[in-house]
Amino acid sequence: PHPVPHPSPPPATSTNTNNSTTNNMTRQFIGLLLILLSVAMVASAAMTLSVKNTSTSIRSRSRNTKPAWYKARQRPITPGQKAALRTLWPKYGLTFSYHTPLDLTSAFHRRTPETTTPTTLEIGCGSGEALLEYADSNPDRNFLGVDWYRSGLATCCTALESRGLTNARLVRADARLLLDRGLPAVPTFDEVLIFFPDPWYRAEERRMVRSDIIKGIGQRMQRGGILHVATDVPGYPDHVRELLSSDEFASSWRPVDAAERRARRPSTKYERDGINSGRTVKDLCYVFDPEPEKNP
């Protein structure tokens with residue numbers, strides 16, 4: 001008998017062809033996604049490393065945007081400090097707006113048009129260790145302390161109240177913002193104190209002693225006024241000297257001996273910590289003595 005022939009397989013249909021094409025496209029799409037994900041991860045790692053190396057960001061460099069690190073660096077505040085700010089800030093604290101700068105004559109309740117009360121500005125007053133001692137020993141002088149941290153300002157308010165001091169006021173603000181918006185650009189201070197400012201090791205453009213701050217101080221400093229800087233950070237004195245001897249400021253600021261002012265400068269926690277750690281404290285003083293403008 002003749003063998004029964006096996007039926008031949010059916011020809012490939014268009015459905016099988018479409019499924020194969022779809023699978024190939026899916027594999028290609030997944031491969032493309034994996035490549036894009038790898039590129040994104042590499043870019044993210046590079047950006048993170050760049051931010052870490054510079055310790056700064058585009059946001060914090062903007063002159064009109066509050067730096068993101070403000071909130072992160074804000075020290076915790078206790079219920080007692082919150083109560084102190086709530087009850088004592090109206091008495092010792094000053095507030096300004098972009099269109100309404102501070103009126104220090106009114107703030108200190110010393111309306112004496114015929115005389116000018118000498119006024120000291122301390123940038124970075126902290127909890128007020130130095131400010132309190134100066135205000136206590138100089139009752140005929142006004143003192144304005146500026147700082148950003150609420151905890152230190154609350155401690156200072158409490159101490160001012162307990163000592164009964166009436167010649168000191170406080171402002172919670174960034175120093176640059178205070179100089180830009182909070183104080184009129186007229187000669188106001190005959191002394192500016194910057195004691196143990198943050199070193200900003202990896203972001204020197206943030207240092208308190210920098211070009212825009214010194215320019216703002218000069219616009220509000222009386223002729224013959226003194227800028228007193230104290231620091232225990234290695235290299236910071238050289239940074240100050242280099243800046244104030246630059247072409248931008250050499251004709252306005254003249255270095256003077258700091259021995260006498262250092263002898264009567266109150267000790268602060270930051271100074272004691274520096275000495276206990278074996279660091280050397282340096283005081284630098286400059287007198288504001290701008291050259292007279294030449295008539296055209």
# chains A, B, ... in the order shown; residues from 1 in each chain; ligands from 1
call {"tool": "residues_around", "arguments": {"residues": "segment 236-251 of chain A", "least_positions_apart": "6", "cutoff": "9 Å", "atoms": "only C-alpha atoms", "output": "PyMOL selection string"}}
result
chain A and resi 199+209-211+214-215+229-230+282-284+286+289-291
call {"tool": "residues_around", "arguments": {"residues": "segment 264-277 of chain A", "least_positions_apart": "6", "cutoff": "8 Å", "atoms": "only C-alpha atoms", "output": "list in words"}}
result
Glu129, Ala130, Glu133, Tyr134, Phe196, Thr231 and Asp232 of chain A
call {"tool": "write_last_selection", "arguments": {"atoms": "N, CA and C atoms", "output": "PDB file, in the first residue's frame"}}
result
ATOM      1  N   GLU A 129      27.301  87.905  72.966  1.00  0.00           N
ATOM      2  CA  GLU A 129      28.327  87.976  74.004  1.00  0.00           C
ATOM      3  C   GLU A 129      29.101  89.289  73.942  1.00  0.00           C
ATOM      4  N   ALA A 130      29.639  89.608  72.765  1.00  0.00           N
ATOM      5  CA  ALA A 130      30.412  90.839  72.622  1.00  0.00           C
ATOM      6  C   ALA A 130      29.499  92.061  72.673  1.00  0.00           C
ATOM      7  N   GLU A 133      28.487  93.112  76.253  1.00  0.00           N
ATOM      8  CA  GLU A 133      29.569  93.721  77.028  1.00  0.00           C
ATOM      9  C   GLU A 133      29.859  95.137  76.547  1.00  0.00           C
ATOM     10  N   TYR A 134      29.896  95.326  75.238  1.00  0.00           N
ATOM     11  CA  TYR A 134      30.130  96.661  74.693  1.00  0.00           C
ATOM     12  C   TYR A 134      29.009  97.618  75.091  1.00  0.00           C
ATOM     13  N   PHE A 196      34.913  86.662  64.310  1.00  0.00           N
ATOM     14  CA  PHE A 196      34.908  85.233  64.058  1.00  0.00           C
ATOM     15  C   PHE A 196      33.818  84.808  63.070  1.00  0.00           C
ATOM     16  N   THR A 231      39.513  86.866  63.856  1.00  0.00           N
ATOM     17  CA  THR A 231      39.324  85.525  63.323  1.00  0.00           C
ATOM     18  C   THR A 231      40.398  84.590  63.857  1.00  0.00           C
ATOM     19  N   ASP A 232      40.059  83.305  63.934  1.00  0.00           N
ATOM     20  CA  ASP A 232      41.021  82.280  64.308  1.00  0.00           C
ATOM     21  C   ASP A 232      41.223  81.288  63.164  1.00  0.00           C
TER      22      ASP A 232
END
call {"tool": "residues_around", "arguments": {"residues": "Tyr92 of chain A", "least_positions_apart": "2", "cutoff": "8 Å", "atoms": "only C-alpha atoms", "output": "PyMOL selection string"}}
result
chain A and resi 88-90+94+157+168-170
call {"tool": "closest_residue", "arguments": {"among": "A:Gly216, A:Trp200, A:His109, A:Arg262", "to": "Lys91 of chain A", "atoms": "only C-alpha atoms"}}
result
A:His109
call {"tool": "select_by_dssp", "arguments": {"residues": "segment 165-289 of chain A", "states": "strand (DSSP E)", "output": "compact mmCIF listing (two decimals) with N, CA, C and O atoms, in the first residue's frame"}}
result
# COMPACT_ATOMS: atom_id res chain seq x y z
N ALA A 168 20.86 99.00 72.72
CA ALA A 168 21.16 97.96 71.73
C ALA A 168 19.88 97.52 71.06
O ALA A 168 18.84 97.38 71.70
N ARG A 169 19.97 97.29 69.74
CA ARG A 169 18.85 96.78 68.96
C ARG A 169 19.37 95.65 68.07
O ARG A 169 20.55 95.57 67.75
N LEU A 170 18.44 94.78 67.64
CA LEU A 170 18.80 93.59 66.88
C LEU A 170 18.00 93.54 65.58
O LEU A 170 16.86 94.00 65.51
N VAL A 171 18.61 92.97 64.57
CA VAL A 171 17.95 92.76 63.28
C VAL A 171 18.20 91.33 62.85
O VAL A 171 19.35 90.85 62.90
N ARG A 172 17.15 90.65 62.46
CA ARG A 172 17.32 89.29 61.91
C ARG A 172 17.33 89.40 60.39
O ARG A 172 16.30 89.63 59.74
N PHE A 189 27.55 104.72 60.72
CA PHE A 189 28.33 104.04 61.75
C PHE A 189 29.74 104.60 61.83
O PHE A 189 30.34 105.00 60.83
N ASP A 190 30.27 104.62 63.04
CA ASP A 190 31.68 104.98 63.20
C ASP A 190 32.49 103.76 63.64
O ASP A 190 33.69 103.87 63.89
N GLU A 191 31.82 102.60 63.67
CA GLU A 191 32.52 101.36 64.02
C GLU A 191 31.70 100.18 63.49
O GLU A 191 30.48 100.13 63.68
N VAL A 192 32.38 99.24 62.85
CA VAL A 192 31.76 98.01 62.38
C VAL A 192 32.60 96.84 62.87
O VAL A 192 33.82 96.81 62.67
N LEU A 193 31.95 95.87 63.51
CA LEU A 193 32.63 94.72 64.10
C LEU A 193 32.24 93.46 63.35
O LEU A 193 31.06 93.21 63.11
N ILE A 194 33.23 92.66 62.99
CA ILE A 194 33.00 91.34 62.39
C ILE A 194 33.89 90.37 63.15
O ILE A 194 35.08 90.24 62.86
N PHE A 195 33.32 89.70 64.14
CA PHE A 195 34.10 88.82 65.01
C PHE A 195 33.84 87.36 64.66
O PHE A 195 32.71 86.88 64.70
N MET A 221 29.63 104.10 56.35
CA MET A 221 30.64 104.37 57.38
C MET A 221 31.00 105.85 57.39
O MET A 221 31.20 106.47 56.34
N GLN A 222 31.09 106.42 58.57
CA GLN A 222 31.54 107.78 58.70
C GLN A 222 33.05 107.85 58.46
O GLN A 222 33.77 106.90 58.75
N ARG A 223 33.50 108.98 57.96
CA ARG A 223 34.94 109.15 57.75
C ARG A 223 35.65 109.02 59.11
O ARG A 223 35.24 109.63 60.10
N GLY A 224 36.69 108.22 59.13
CA GLY A 224 37.41 107.97 60.37
C GLY A 224 36.88 106.79 61.15
O GLY A 224 37.42 106.44 62.20
N GLY A 225 35.82 106.15 60.64
CA GLY A 225 35.26 104.98 61.30
C GLY A 225 36.20 103.79 61.21
O GLY A 225 37.06 103.71 60.33
N ILE A 226 36.01 102.83 62.11
CA ILE A 226 36.91 101.69 62.23
C ILE A 226 36.18 100.40 61.87
O ILE A 226 35.06 100.14 62.35
N LEU A 227 36.80 99.59 61.03
CA LEU A 227 36.37 98.22 60.77
C LEU A 227 37.28 97.29 61.55
O LEU A 227 38.49 97.29 61.37
N HIS A 228 36.70 96.49 62.44
CA HIS A 228 37.47 95.59 63.31
C HIS A 228 37.06 94.15 63.00
O HIS A 228 35.91 93.77 63.18
N VAL A 229 38.02 93.37 62.51
CA VAL A 229 37.79 91.97 62.18
C VAL A 229 38.65 91.11 63.09
O VAL A 229 39.84 91.38 63.28
N ALA A 230 38.05 90.06 63.66
CA ALA A 230 38.79 89.10 64.48
C ALA A 230 38.48 87.70 63.97
O ALA A 230 37.33 87.38 63.66
N THR A 231 39.51 86.87 63.86
CA THR A 231 39.32 85.53 63.32
C THR A 231 40.40 84.59 63.86
O THR A 231 41.50 85.03 64.21
N TRP A 253 40.47 102.43 52.60
CA TRP A 253 40.70 101.77 53.87
C TRP A 253 42.20 101.71 54.17
O TRP A 253 42.98 101.27 53.34
N ARG A 254 42.55 102.15 55.37
CA ARG A 254 43.96 102.19 55.77
C ARG A 254 44.14 101.34 57.02
O ARG A 254 43.44 101.52 58.01
N PRO A 255 45.08 100.39 56.99
CA PRO A 255 45.30 99.55 58.17
C PRO A 255 45.86 100.35 59.34
O PRO A 255 46.68 101.25 59.16
N VAL A 256 45.40 100.03 60.55
CA VAL A 256 45.89 100.67 61.77
C VAL A 256 46.17 99.59 62.80
O VAL A 256 45.71 98.44 62.68
N LYS A 282 43.65 86.38 65.45
CA LYS A 282 44.21 87.59 64.84
C LYS A 282 43.14 88.68 64.81
O LYS A 282 41.99 88.43 64.46
N ASP A 283 43.54 89.90 65.19
CA ASP A 283 42.68 91.07 65.08
C ASP A 283 43.25 92.00 64.02
O ASP A 283 44.45 92.27 64.01
N LEU A 284 42.38 92.48 63.15
CA LEU A 284 42.78 93.43 62.12
C LEU A 284 41.84 94.63 62.16
O LEU A 284 40.62 94.47 62.25
N CYS A 285 42.42 95.83 62.10
CA CYS A 285 41.63 97.06 62.13
C CYS A 285 41.99 97.94 60.95
O CYS A 285 43.17 98.07 60.59
N TYR A 286 40.96 98.54 60.37
CA TYR A 286 41.13 99.46 59.24
C TYR A 286 40.31 100.71 59.49
O TYR A 286 39.16 100.62 59.95
N VAL A 287 40.88 101.85 59.17
CA VAL A 287 40.17 103.11 59.31
C VAL A 287 39.64 103.52 57.93
O VAL A 287 40.33 103.36 56.91
N PHE A 288 38.42 104.02 57.91
CA PHE A 288 37.81 104.44 56.66
C PHE A 288 38.23 105.88 56.39
O PHE A 288 37.80 106.82 57.07
call {"tool": "select_by_dssp", "arguments": {"residues": "segment 80-284 of chain A", "states": "helix (DSSP H, G or I)", "output": "MDAnalysis selection string"}}
result
chainID A and resid 80:92 104:107 129:137 150:163 175:182 204:206 211:219 236:244 259:263 269:276
call {"tool": "atom_distance", "arguments": {"atom1": "atom CA of Pro292 of chain A", "atom2": "atom CA of Arg176 of chain A"}}
result
26.1 Å
call {"tool": "atom_distance", "arguments": {"atom1": "atom CA of Leu132 of chain A", "atom2": "atom CA of Tyr98 of chain A"}}
result
28.7 Å
call {"tool": "residues_around", "arguments": {"residues": "Ser97 of chain A", "least_positions_apart": "5", "cutoff": "12 Å", "atoms": "only C-alpha atoms", "output": "JSON, numbers by chain"}}
result
{"A": [102, 103, 171, 173, 177, 178, 180, 181, 182, 183]}
call {"tool": "write_last_selection", "arguments": {"atoms": "C-alpha atoms", "output": "PDB file, in the first residue's frame"}}
result
ATOM      1  CA  LEU A 102      15.450 101.202  59.179  1.00  0.00           C
ATOM      2  CA  ASP A 103      15.188 104.521  60.992  1.00  0.00           C
ATOM      3  CA  VAL A 171      17.952  92.762  63.284  1.00  0.00           C
ATOM      4  CA  ALA A 173      18.658  89.402  58.383  1.00  0.00           C
ATOM      5  CA  LEU A 177      20.417  92.140  52.469  1.00  0.00           C
ATOM      6  CA  LEU A 178      20.567  94.533  55.421  1.00  0.00           C
ATOM      7  CA  ASP A 180      21.355  96.535  50.338  1.00  0.00           C
ATOM      8  CA  ARG A 181      17.806  97.155  51.538  1.00  0.00           C
ATOM      9  CA  GLY A 182      17.659  97.836  55.255  1.00  0.00           C
ATOM     10  CA  LEU A 183      20.028 100.766  55.757  1.00  0.00           C
TER      11      LEU A 183
END
call {"tool": "atom_distance", "arguments": {"atom1": "atom CA of Ala135 of chain A", "atom2": "atom CA of Asp212 of chain A"}}
result
27.8 Å
call {"tool": "residues_around", "arguments": {"residues": "Leu85 of chain A", "least_positions_apart": "4", "cutoff": "9 Å", "atoms": "only C-alpha atoms", "output": "PDB file with all heavy atoms, in the first residue's frame"}}
result
ATOM      1  N   GLY A  80      11.319  78.095  75.209  1.00  0.00           N
ATOM      2  CA  GLY A  80      11.645  79.305  75.956  1.00  0.00           C
ATOM      3  C   GLY A  80      12.155  80.413  75.063  1.00  0.00           C
ATOM      4  O   GLY A  80      11.839  81.594  75.270  1.00  0.00           O
ATOM      5  N   GLN A  81      12.964  80.050  74.044  1.00  0.00           N
ATOM      6  CA  GLN A  81      13.468  81.053  73.113  1.00  0.00           C
ATOM      7  C   GLN A  81      12.343  81.602  72.245  1.00  0.00           C
ATOM      8  O   GLN A  81      12.320  82.792  71.917  1.00  0.00           O
ATOM      9  CB  GLN A  81      14.573  80.437  72.256  1.00  0.00           C
ATOM     10  CG  GLN A  81      15.850  80.149  73.034  1.00  0.00           C
ATOM     11  CD  GLN A  81      16.854  79.356  72.228  1.00  0.00           C
ATOM     12  OE1 GLN A  81      16.501  78.606  71.312  1.00  0.00           O
ATOM     13  NE2 GLN A  81      18.123  79.505  72.564  1.00  0.00           N
ATOM     14  N   TRP A  89      10.934  90.669  71.261  1.00  0.00           N
ATOM     15  CA  TRP A  89      11.340  91.194  69.957  1.00  0.00           C
ATOM     16  C   TRP A  89      10.708  92.551  69.642  1.00  0.00           C
ATOM     17  O   TRP A  89      11.376  93.423  69.071  1.00  0.00           O
ATOM     18  CB  TRP A  89      11.023  90.187  68.854  1.00  0.00           C
ATOM     19  CG  TRP A  89      11.633  90.567  67.539  1.00  0.00           C
ATOM     20  CD1 TRP A  89      11.013  91.099  66.451  1.00  0.00           C
ATOM     21  CD2 TRP A  89      13.024  90.460  67.191  1.00  0.00           C
ATOM     22  NE1 TRP A  89      11.909  91.337  65.438  1.00  0.00           N
ATOM     23  CE2 TRP A  89      13.153  90.947  65.859  1.00  0.00           C
ATOM     24  CE3 TRP A  89      14.153  90.003  67.858  1.00  0.00           C
ATOM     25  CZ2 TRP A  89      14.375  90.982  65.209  1.00  0.00           C
ATOM     26  CZ3 TRP A  89      15.380  90.033  67.205  1.00  0.00           C
ATOM     27  CH2 TRP A  89      15.485  90.521  65.895  1.00  0.00           C
ATOM     28  N   PRO A  90       9.452  92.791  69.988  1.00  0.00           N
ATOM     29  CA  PRO A  90       8.902  94.131  69.738  1.00  0.00           C
ATOM     30  C   PRO A  90       9.683  95.241  70.438  1.00  0.00           C
ATOM     31  O   PRO A  90       9.646  96.392  70.007  1.00  0.00           O
ATOM     32  CB  PRO A  90       7.473  94.030  70.282  1.00  0.00           C
ATOM     33  CG  PRO A  90       7.135  92.579  70.193  1.00  0.00           C
ATOM     34  CD  PRO A  90       8.416  91.866  70.506  1.00  0.00           C
ATOM     35  N   GLY A  93      13.888  94.186  68.827  1.00  0.00           N
ATOM     36  CA  GLY A  93      14.072  93.812  67.434  1.00  0.00           C
ATOM     37  C   GLY A  93      13.592  94.869  66.463  1.00  0.00           C
ATOM     38  O   GLY A  93      12.632  95.594  66.736  1.00  0.00           O
ATOM     39  N   ARG A 150      17.717  82.589  64.834  1.00  0.00           N
ATOM     40  CA  ARG A 150      16.733  82.994  65.839  1.00  0.00           C
ATOM     41  C   ARG A 150      17.148  82.604  67.249  1.00  0.00           C
ATOM     42  O   ARG A 150      16.862  83.329  68.207  1.00  0.00           O
ATOM     43  CB  ARG A 150      15.378  82.367  65.514  1.00  0.00           C
ATOM     44  CG  ARG A 150      14.730  82.878  64.235  1.00  0.00           C
ATOM     45  CD  ARG A 150      13.357  82.274  64.079  1.00  0.00           C
ATOM     46  NE  ARG A 150      13.426  80.814  63.993  1.00  0.00           N
ATOM     47  CZ  ARG A 150      12.402  80.005  64.197  1.00  0.00           C
ATOM     48  NH1 ARG A 150      11.221  80.506  64.529  1.00  0.00           N
ATOM     49  NH2 ARG A 150      12.535  78.691  64.087  1.00  0.00           N
ATOM     50  N   LEU A 153      19.545  85.202  68.631  1.00  0.00           N
ATOM     51  CA  LEU A 153      18.859  86.467  68.844  1.00  0.00           C
ATOM     52  C   LEU A 153      17.924  86.394  70.048  1.00  0.00           C
ATOM     53  O   LEU A 153      17.794  87.364  70.796  1.00  0.00           O
ATOM     54  CB  LEU A 153      18.073  86.857  67.590  1.00  0.00           C
ATOM     55  CG  LEU A 153      18.921  87.196  66.355  1.00  0.00           C
ATOM     56  CD1 LEU A 153      18.035  87.379  65.127  1.00  0.00           C
ATOM     57  CD2 LEU A 153      19.760  88.445  66.603  1.00  0.00           C
ATOM     58  N   ALA A 154      17.280  85.231  70.246  1.00  0.00           N
ATOM     59  CA  ALA A 154      16.408  85.072  71.413  1.00  0.00           C
ATOM     60  C   ALA A 154      17.218  85.145  72.703  1.00  0.00           C
ATOM     61  O   ALA A 154      16.805  85.794  73.676  1.00  0.00           O
ATOM     62  CB  ALA A 154      15.675  83.735  71.328  1.00  0.00           C
ATOM     63  N   THR A 155      18.377  84.491  72.715  1.00  0.00           N
ATOM     64  CA  THR A 155      19.255  84.550  73.896  1.00  0.00           C
ATOM     65  C   THR A 155      19.707  85.976  74.167  1.00  0.00           C
ATOM     66  O   THR A 155      19.748  86.424  75.321  1.00  0.00           O
ATOM     67  CB  THR A 155      20.471  83.636  73.689  1.00  0.00           C
ATOM     68  OG1 THR A 155      20.026  82.291  73.478  1.00  0.00           O
ATOM     69  CG2 THR A 155      21.399  83.681  74.894  1.00  0.00           C
ATOM     70  N   CYS A 157      18.141  88.779  73.291  1.00  0.00           N
ATOM     71  CA  CYS A 157      16.995  89.557  73.792  1.00  0.00           C
ATOM     72  C   CYS A 157      16.798  89.344  75.289  1.00  0.00           C
ATOM     73  O   CYS A 157      16.580  90.297  76.050  1.00  0.00           O
ATOM     74  CB  CYS A 157      15.724  89.153  73.045  1.00  0.00           C
ATOM     75  SG  CYS A 157      15.548  89.863  71.401  1.00  0.00           S
ATOM     76  N   THR A 158      16.886  88.098  75.722  1.00  0.00           N
ATOM     77  CA  THR A 158      16.717  87.786  77.138  1.00  0.00           C
ATOM     78  C   THR A 158      17.783  88.464  77.981  1.00  0.00           C
ATOM     79  O   THR A 158      17.498  89.016  79.058  1.00  0.00           O
ATOM     80  CB  THR A 158      16.770  86.263  77.354  1.00  0.00           C
ATOM     81  OG1 THR A 158      15.752  85.637  76.558  1.00  0.00           O
ATOM     82  CG2 THR A 158      16.552  85.911  78.814  1.00  0.00           C
TER      83      THR A 158
END
call {"tool": "closest_residue", "arguments": {"among": "A:Gly218, A:Pro118, A:Pro184, A:Pro139", "to": "Thr166 of chain A", "atoms": "only C-alpha atoms"}}
result
A:Pro139
